[in-house]
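Novice: data-v4.txt (compact mmCIF, C-alpha atoms) pasted underneath:
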```
# COMPACT_ATOMS: atom_id res chain seq x y z
CA MET P 1 -13.15 -16.53 5.82
CA THR P 2 -13.70 -12.80 6.12
CA ASN P 3 -14.29 -11.18 2.75
CA ILE P 4 -11.31 -8.84 2.72
CA PRO P 5 -11.78 -6.52 -0.27
CA VAL P 6 -9.16 -6.12 -2.99
CA ALA P 7 -7.92 -2.81 -4.38
CA VAL P 8 -5.39 -1.91 -7.03
CA GLN P 9 -2.70 0.69 -6.44
CA MET P 10 -3.24 3.25 -9.19
CA TYR P 11 0.51 3.80 -9.56
CA THR P 12 0.42 0.54 -11.50
CA LEU P 13 -1.81 2.30 -14.05
CA ARG P 14 -0.09 5.68 -13.96
CA ASP P 15 0.31 6.04 -17.72
CA GLU P 16 -3.23 4.89 -18.43
CA SER P 17 -4.57 7.22 -15.75
CA ALA P 18 -2.72 10.17 -17.25
CA GLU P 19 -4.51 9.57 -20.55
CA ASP P 20 -7.98 8.69 -19.26
CA PHE P 21 -8.48 8.64 -15.51
CA ALA P 22 -12.21 7.91 -15.61
CA GLY P 23 -11.81 5.20 -18.24
CA THR P 24 -9.03 3.58 -16.22
CA LEU P 25 -11.22 3.45 -13.14
CA LYS P 26 -13.98 1.81 -15.19
CA ARG P 27 -11.65 -0.91 -16.43
CA VAL P 28 -10.50 -1.53 -12.85
CA ALA P 29 -14.12 -1.99 -11.80
CA ASP P 30 -14.79 -4.27 -14.76
CA LEU P 31 -11.93 -6.55 -13.66
CA GLY P 32 -13.66 -7.11 -10.34
CA PHE P 33 -11.64 -4.93 -8.00
CA ASP P 34 -13.50 -3.57 -4.99
CA GLY P 35 -11.55 -0.38 -4.75
CA VAL P 36 -8.45 1.62 -5.56
CA GLU P 37 -5.52 2.99 -3.66
CA PHE P 38 -4.75 6.40 -5.04
CA ALA P 39 -1.38 7.88 -5.98
CA GLY P 40 -2.76 11.20 -7.16
CA TYR P 41 -6.15 11.94 -8.66
CA GLY P 42 -5.44 12.41 -12.33
CA GLY P 43 -5.66 16.17 -12.06
CA LEU P 44 -9.36 15.91 -11.20
CA PRO P 45 -11.03 17.57 -8.21
CA VAL P 46 -11.49 15.02 -5.43
CA LYS P 47 -15.24 15.61 -5.49
CA ARG P 48 -15.32 14.48 -9.12
CA VAL P 49 -13.17 11.47 -8.27
CA ARG P 50 -15.67 10.52 -5.55
CA GLU P 51 -18.50 10.80 -8.07
CA LEU P 52 -16.65 8.44 -10.41
CA LEU P 53 -16.09 5.94 -7.62
CA ASP P 54 -19.75 5.99 -6.71
CA GLU P 55 -20.82 5.59 -10.33
CA LEU P 56 -18.56 2.55 -10.74
CA GLY P 57 -19.23 0.91 -7.40
CA LEU P 58 -15.63 1.34 -6.26
CA LYS P 59 -14.32 2.35 -2.84
CA ALA P 60 -11.32 4.47 -1.94
CA ALA P 61 -9.16 2.00 -0.03
CA SER P 62 -6.49 4.57 0.81
CA SER P 63 -4.29 7.26 -0.67
CA HIS P 64 -0.51 7.39 -1.02
CA VAL P 65 0.48 10.96 -0.22
CA PRO P 66 4.06 12.27 -0.57
CA LEU P 67 5.80 13.04 2.71
CA GLU P 68 6.19 16.67 1.64
CA ASP P 69 2.41 17.04 1.35
CA LEU P 70 1.91 15.43 4.76
CA GLN P 71 4.39 17.87 6.23
CA ASN P 72 3.07 20.98 4.51
CA ASP P 73 -0.65 20.48 3.91
CA LEU P 74 -1.98 17.76 6.20
CA ALA P 75 -5.33 19.44 6.81
CA ARG P 76 -6.14 19.42 3.08
CA VAL P 77 -4.96 15.84 2.73
CA ILE P 78 -7.30 14.77 5.52
CA GLU P 79 -10.18 16.70 4.00
CA ASP P 80 -9.57 15.02 0.64
CA GLN P 81 -9.83 11.61 2.29
CA LYS P 82 -13.11 12.51 3.89
CA ILE P 83 -14.50 13.54 0.52
CA LEU P 84 -13.24 10.32 -1.08
CA GLY P 85 -14.54 8.14 1.73
CA SER P 86 -11.05 6.81 2.43
CA ASN P 87 -10.07 5.80 5.94
CA TYR P 88 -6.33 5.56 5.32
CA ILE P 89 -3.50 7.91 4.36
CA VAL P 90 -0.19 6.26 3.51
CA CYS P 91 3.30 7.73 3.66
CA PRO P 92 4.61 5.90 0.61
CA TYR P 93 8.29 6.60 0.03
CA LEU P 94 11.39 8.32 1.29
CA LEU P 95 13.71 9.95 -1.23
CA PRO P 96 17.36 8.83 -1.16
CA ASP P 97 18.38 12.00 0.68
CA GLN P 98 15.78 11.30 3.42
CA ARG P 99 17.17 7.95 4.63
CA SER P 100 20.02 8.76 7.00
CA GLU P 101 19.77 7.82 10.66
CA GLU P 102 19.29 11.51 11.48
CA ASP P 103 16.45 11.65 8.96
CA TYR P 104 14.68 8.75 10.67
CA GLN P 105 15.19 10.41 14.04
CA SER P 106 13.22 13.42 12.80
CA LEU P 107 10.73 11.37 10.74
CA ILE P 108 9.54 9.30 13.70
CA PRO P 109 8.23 12.18 15.85
CA PHE P 110 6.69 13.74 12.76
CA LEU P 111 4.79 10.53 12.00
CA GLU P 112 3.69 10.38 15.63
CA GLN P 113 2.22 13.87 15.54
CA ALA P 114 0.75 13.57 12.04
CA GLY P 115 -0.76 10.22 12.95
CA LYS P 116 -2.34 11.70 16.06
CA THR P 117 -3.83 14.53 13.98
CA CYS P 118 -5.19 12.00 11.47
CA ARG P 119 -6.61 9.78 14.20
CA GLU P 120 -8.41 12.68 15.82
CA ALA P 121 -9.99 13.37 12.42
CA GLY P 122 -11.10 9.75 12.03
CA ILE P 123 -8.35 8.80 9.55
CA THR P 124 -5.53 6.27 10.03
CA LEU P 125 -1.97 7.07 8.95
CA CYS P 126 0.08 4.13 7.63
CA TYR P 127 3.68 3.74 6.56
CA HIS P 128 4.57 1.77 3.40
CA ASN P 129 7.97 0.11 3.23
CA HIS P 130 10.50 -0.61 0.51
CA ASP P 131 13.69 -2.58 1.09
CA PHE P 132 15.90 0.28 2.25
CA GLU P 133 14.10 0.49 5.61
CA LEU P 134 15.50 -2.97 6.41
CA GLU P 135 19.00 -1.53 6.78
CA ARG P 136 20.29 -1.47 10.35
CA LEU P 137 20.61 1.65 12.45
CA SER P 138 23.30 2.19 15.07
CA ASP P 139 21.16 0.60 17.82
CA GLY P 140 20.86 -2.62 15.82
CA ARG P 141 17.25 -2.13 14.83
CA THR P 142 16.16 -1.82 11.25
CA ALA P 143 14.73 1.54 10.31
CA LEU P 144 11.35 -0.14 9.81
CA GLU P 145 11.42 -1.55 13.34
CA ALA P 146 12.35 1.85 14.70
CA ILE P 147 9.42 3.49 12.95
CA PHE P 148 6.86 1.01 14.21
CA ASP P 149 8.34 0.34 17.64
CA TYR P 150 8.87 3.97 18.62
CA VAL P 151 5.51 5.29 17.42
CA ASN P 152 2.20 4.72 19.18
CA PRO P 153 0.31 1.99 17.28
CA GLU P 154 -2.82 4.08 17.57
CA ASN P 155 -1.16 6.80 15.56
CA VAL P 156 0.78 4.94 12.85
CA GLN P 157 -0.09 1.57 11.37
CA THR P 158 1.54 -0.49 8.64
CA GLU P 159 1.20 -1.10 4.95
CA PHE P 160 3.64 -3.94 4.44
CA ASP P 161 4.81 -4.46 0.88
CA ILE P 162 5.55 -8.16 0.65
CA TYR P 163 7.71 -7.84 -2.48
CA TRP P 164 10.12 -5.43 -0.83
CA LEU P 165 10.23 -7.42 2.40
CA THR P 166 11.06 -10.54 0.41
CA LYS P 167 13.67 -8.70 -1.65
CA ALA P 168 15.34 -7.61 1.60
CA GLY P 169 15.58 -11.25 2.69
CA GLU P 170 12.69 -11.05 5.13
CA LYS P 171 9.61 -13.26 5.52
CA PRO P 172 6.45 -11.14 5.13
CA VAL P 173 4.36 -13.46 7.32
CA GLU P 174 6.71 -12.89 10.24
CA TRP P 175 6.33 -9.12 9.95
CA ILE P 176 2.56 -9.29 9.60
CA ASN P 177 2.32 -11.58 12.63
CA ARG P 178 4.63 -9.37 14.64
CA TYR P 179 2.46 -6.33 14.01
CA LYS P 180 -0.85 -8.18 14.12
CA ASN P 181 -3.86 -5.86 14.41
CA ARG P 182 -1.66 -3.07 13.07
CA THR P 183 -1.72 -4.15 9.41
CA PRO P 184 -4.90 -2.81 7.83
CA LEU P 185 -3.31 -2.57 4.38
CA VAL P 186 -1.06 -5.12 2.67
CA HIS P 187 0.57 -4.74 -0.75
CA LEU P 188 0.33 -8.03 -2.62
CA LYS P 189 3.20 -8.38 -5.08
CA ASP P 190 5.19 -11.25 -6.52
CA MET P 191 8.82 -11.60 -7.59
CA THR P 192 10.53 -13.58 -10.32
CA THR P 193 12.70 -16.44 -9.07
CA ASP P 194 15.74 -15.54 -11.15
CA GLU P 195 18.63 -13.31 -10.16
CA GLU P 196 16.86 -10.21 -11.46
CA GLN P 197 14.05 -10.49 -8.88
CA PHE P 198 11.76 -8.55 -11.19
CA PHE P 199 8.17 -7.63 -10.37
CA ALA P 200 5.86 -10.52 -11.25
CA GLU P 201 2.12 -11.00 -11.58
CA LEU P 202 0.61 -12.72 -8.55
CA GLY P 203 1.06 -16.46 -8.64
CA THR P 204 3.82 -16.40 -11.26
CA GLY P 205 6.81 -15.79 -8.96
CA GLY P 206 8.34 -17.07 -5.77
CA VAL P 207 6.78 -14.98 -2.99
CA ASP P 208 4.79 -17.11 -0.53
CA LEU P 209 1.49 -15.42 -1.28
CA GLU P 210 -0.71 -18.16 0.15
CA ALA P 211 0.90 -17.86 3.57
CA VAL P 212 0.11 -14.15 3.57
CA LEU P 213 -3.45 -14.59 2.34
CA ASN P 214 -4.08 -17.28 4.95
CA ILE P 215 -3.37 -14.96 7.88
CA GLY P 216 -5.28 -11.95 6.58
CA GLU P 217 -8.30 -12.44 8.81
CA GLU P 218 -6.24 -13.22 11.91
CA ALA P 219 -4.08 -10.15 11.31
CA ALA P 220 -7.16 -7.93 10.85
CA VAL P 221 -6.22 -6.91 7.31
CA GLN P 222 -8.83 -4.53 5.92
CA TRP P 223 -7.64 -4.30 2.30
CA TRP P 224 -5.45 -6.37 0.03
CA VAL P 225 -3.79 -4.01 -2.44
CA VAL P 226 -2.44 -5.30 -5.76
CA GLU P 227 0.48 -3.35 -7.14
CA GLN P 228 2.97 -4.01 -9.90
CA ASP P 229 5.55 -1.26 -10.09
CA VAL P 230 6.73 -2.27 -13.57
CA SER P 231 5.42 -4.93 -15.94
CA ARG P 232 6.64 -6.57 -19.12
CA LYS P 233 3.00 -6.92 -20.12
CA THR P 234 0.52 -4.09 -20.29
CA PRO P 235 -0.51 -2.97 -16.80
CA PHE P 236 -4.09 -4.07 -17.44
CA GLU P 237 -2.90 -7.53 -18.46
CA SER P 238 -0.82 -7.71 -15.31
CA ILE P 239 -3.55 -6.79 -12.89
CA GLU P 240 -6.00 -9.12 -14.63
CA ILE P 241 -3.57 -12.03 -14.17
CA SER P 242 -3.16 -11.05 -10.53
CA MET P 243 -6.90 -10.78 -9.96
CA ASN P 244 -7.49 -14.16 -11.63
CA TYR P 245 -4.92 -15.68 -9.27
CA LEU P 246 -6.65 -14.16 -6.26
CA LYS P 247 -9.97 -15.59 -7.43
CA THR P 248 -8.44 -19.07 -7.18
CA LYS P 249 -7.29 -18.43 -3.59
CA LEU P 250 -10.09 -16.27 -2.23
CA PRO P 251 -13.41 -18.01 -3.03
CA TYR P 252 -15.51 -14.94 -2.28
CA LEU P 253 -13.98 -13.23 -5.34
CA SER P 254 -15.12 -15.93 -7.75
CA ASN P 255 -18.39 -14.19 -8.65
CA LYS P 256 -16.68 -10.94 -9.63
```
Can you present the structure in this file as structure tokens?

Specialist:
Amino acid sequence: MTNIPVAVQMYTLRDESAEDFAGTLKRVADLGFDGVEFAGYGGLPVKRVRELLDELGLKAASSHVPLEDLQNDLARVIEDQKILGSNYIVCPYLLPDQRSEEDYQSLIPFLEQAGKTCREAGITLCYHNHDFELERLSDGRTALEAIFDYVNPENVQTEFDIYWLTKAGEKPVEWINRYKNRTPLVHLKDMTTDEEQFFAELGTGGVDLEAVLNIGEEAAVQWWVVEQDVSRKTPFESIEISMNYLKTKLPYLSNK
């Protein structure tokens, strides 16, 4: 089995990062994570963030960057990734007023062009889904299908979030297999089995995590990314539970 590294999405630790960004990164490293996926840099210069990563033995898996920043300041975003040593930029979320069919019609060519610019700079642009992209457009496709089917795979790749796919009634494995070799980043998340469908620590809910983990190598996944949007435990407790679960499924993590 290929040793696919594991990162944590720093949005999970947003409150902790706001108080002590460096200390939060250290605790992430101590829990055995290989890297982090950024959602901001704690107000620190990216050069200082890179120094912290190097000191702690962490890698920058990728960075979630708001669509507005991609539209208005892509050159700086790319430069930040080069400083961090990150190979991936992720468009993470569309605001409610950005989800009409007309909005997608303008988003798709933007992603195409931005992805081309990123690729030419040696960076890969990815798109991260929630459940709202699984709504159907007038041509019968889901918005998520439209994004990935109408854009050159060389220019835009995927970051499937398996919680949101499951919540939308989809099977994550089917999506990952469909876009095989286009899924460098995968968000690993679990879901409670009750009607609330709340965010759950890995291995404590009903998402078929093993099926996803088992196809990681075949699908050419480069990073597993642990994220828990909201937790009823402390965020550090949550990601420790999730990492301990992964250690039972991914033997190469057992010495971390």

Novice: Distance cut-off 7 Å, centre (0.9, -4.1, 6.9) in file coordinates, counting all atoms listed in the file: which residues qualify? Return them as JSON, numbers by chain.

Specialist: {"P": [158, 159, 160, 176, 182, 183, 184, 185, 186]}

Novice: Those same residues - C-alpha atoms - I'd like them written as a PDB file, in the coordinates of the input.

Specialist:
```pdb
ATOM      1  CA  THR P 158       1.540  -0.490   8.640  1.00  0.00           C
ATOM      2  CA  GLU P 159       1.200  -1.100   4.950  1.00  0.00           C
ATOM      3  CA  PHE P 160       3.640  -3.940   4.440  1.00  0.00           C
ATOM      4  CA  ILE P 176       2.560  -9.290   9.600  1.00  0.00           C
ATOM      5  CA  ARG P 182      -1.660  -3.070  13.070  1.00  0.00           C
ATOM      6  CA  THR P 183      -1.720  -4.150   9.410  1.00  0.00           C
ATOM      7  CA  PRO P 184      -4.900  -2.810   7.830  1.00  0.00           C
ATOM      8  CA  LEU P 185      -3.310  -2.570   4.380  1.00  0.00           C
ATOM      9  CA  VAL P 186      -1.060  -5.120   2.670  1.00  0.00           C
TER      10      VAL P 186
END
```

Novice: For stretch 2-7 of chain P, please output as JSON, numbers by chain all residues within 8 Å (counting all atoms listed in the file; exclusion window: fewer than 5 positions along the same chain).

Specialist: {"P": [33, 34, 35, 36, 37, 61, 216, 217, 221, 222, 223, 224, 225, 226, 252]}

Novice: Give as a ChimeraX atom specification every residue, naming chains and numbers as the document does, that has an atom within 10 Å of (-5.9, -5.5, -17.4), counting all atoms listed in the file.

Specialist: /P:13,24,27-28,30-31,233-243

Novice: What's around stretch 163-170 of chain P at 6 Å? Count all atoms listed in the file, leave out sequence neighbours fewer than 2 positions away in its own chain, and write the answer as a list in words.

Specialist: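 Here the qualifying residues turn out to be His130, Asp131, Asp161, Pro172, Lys189 and Asp190 of chain P.
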
Novice: Could you give me, as a ChimeraX atom specification, the residues within 10 Å of stretch 92-102 of chain P, counting all atoms listed in the file and dropping anything in the same chain fewer than 4 positions from it?

Specialist: /P:39,63-68,106-107,126-130,132-133,135-138,143,159

Novice: Between P:Asn244, P:Gln197, P:Thr124, P:Ser254, which residue has the minimum interatomic distance to P:Cys91, considering all atoms listed in the file?

Specialist: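 Looking only at the distances to P:Cys91, the closest residue turns out to be P:Thr124.
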
Novice: Could you work out how far atom CA of P:Ala114 lies from atom CA of P:Arg178, giving the answer in Å with one decimal?

Specialist: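 That distance, rounded to one decimal, is 23.4 Å.
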
Novice: Report the distance between atom CA of P:Glu79 and atom CA of P:Gln113 in Å, rounded to one decimal place.

Specialist: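 These two atoms are separated by 17.2 Å.
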
Novice: Quick one: distance from atom CA of P:Ala211 to atom CA of P:Glu145 in Å, one decimal?

Specialist: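 These two atoms are separated by 21.7 Å.
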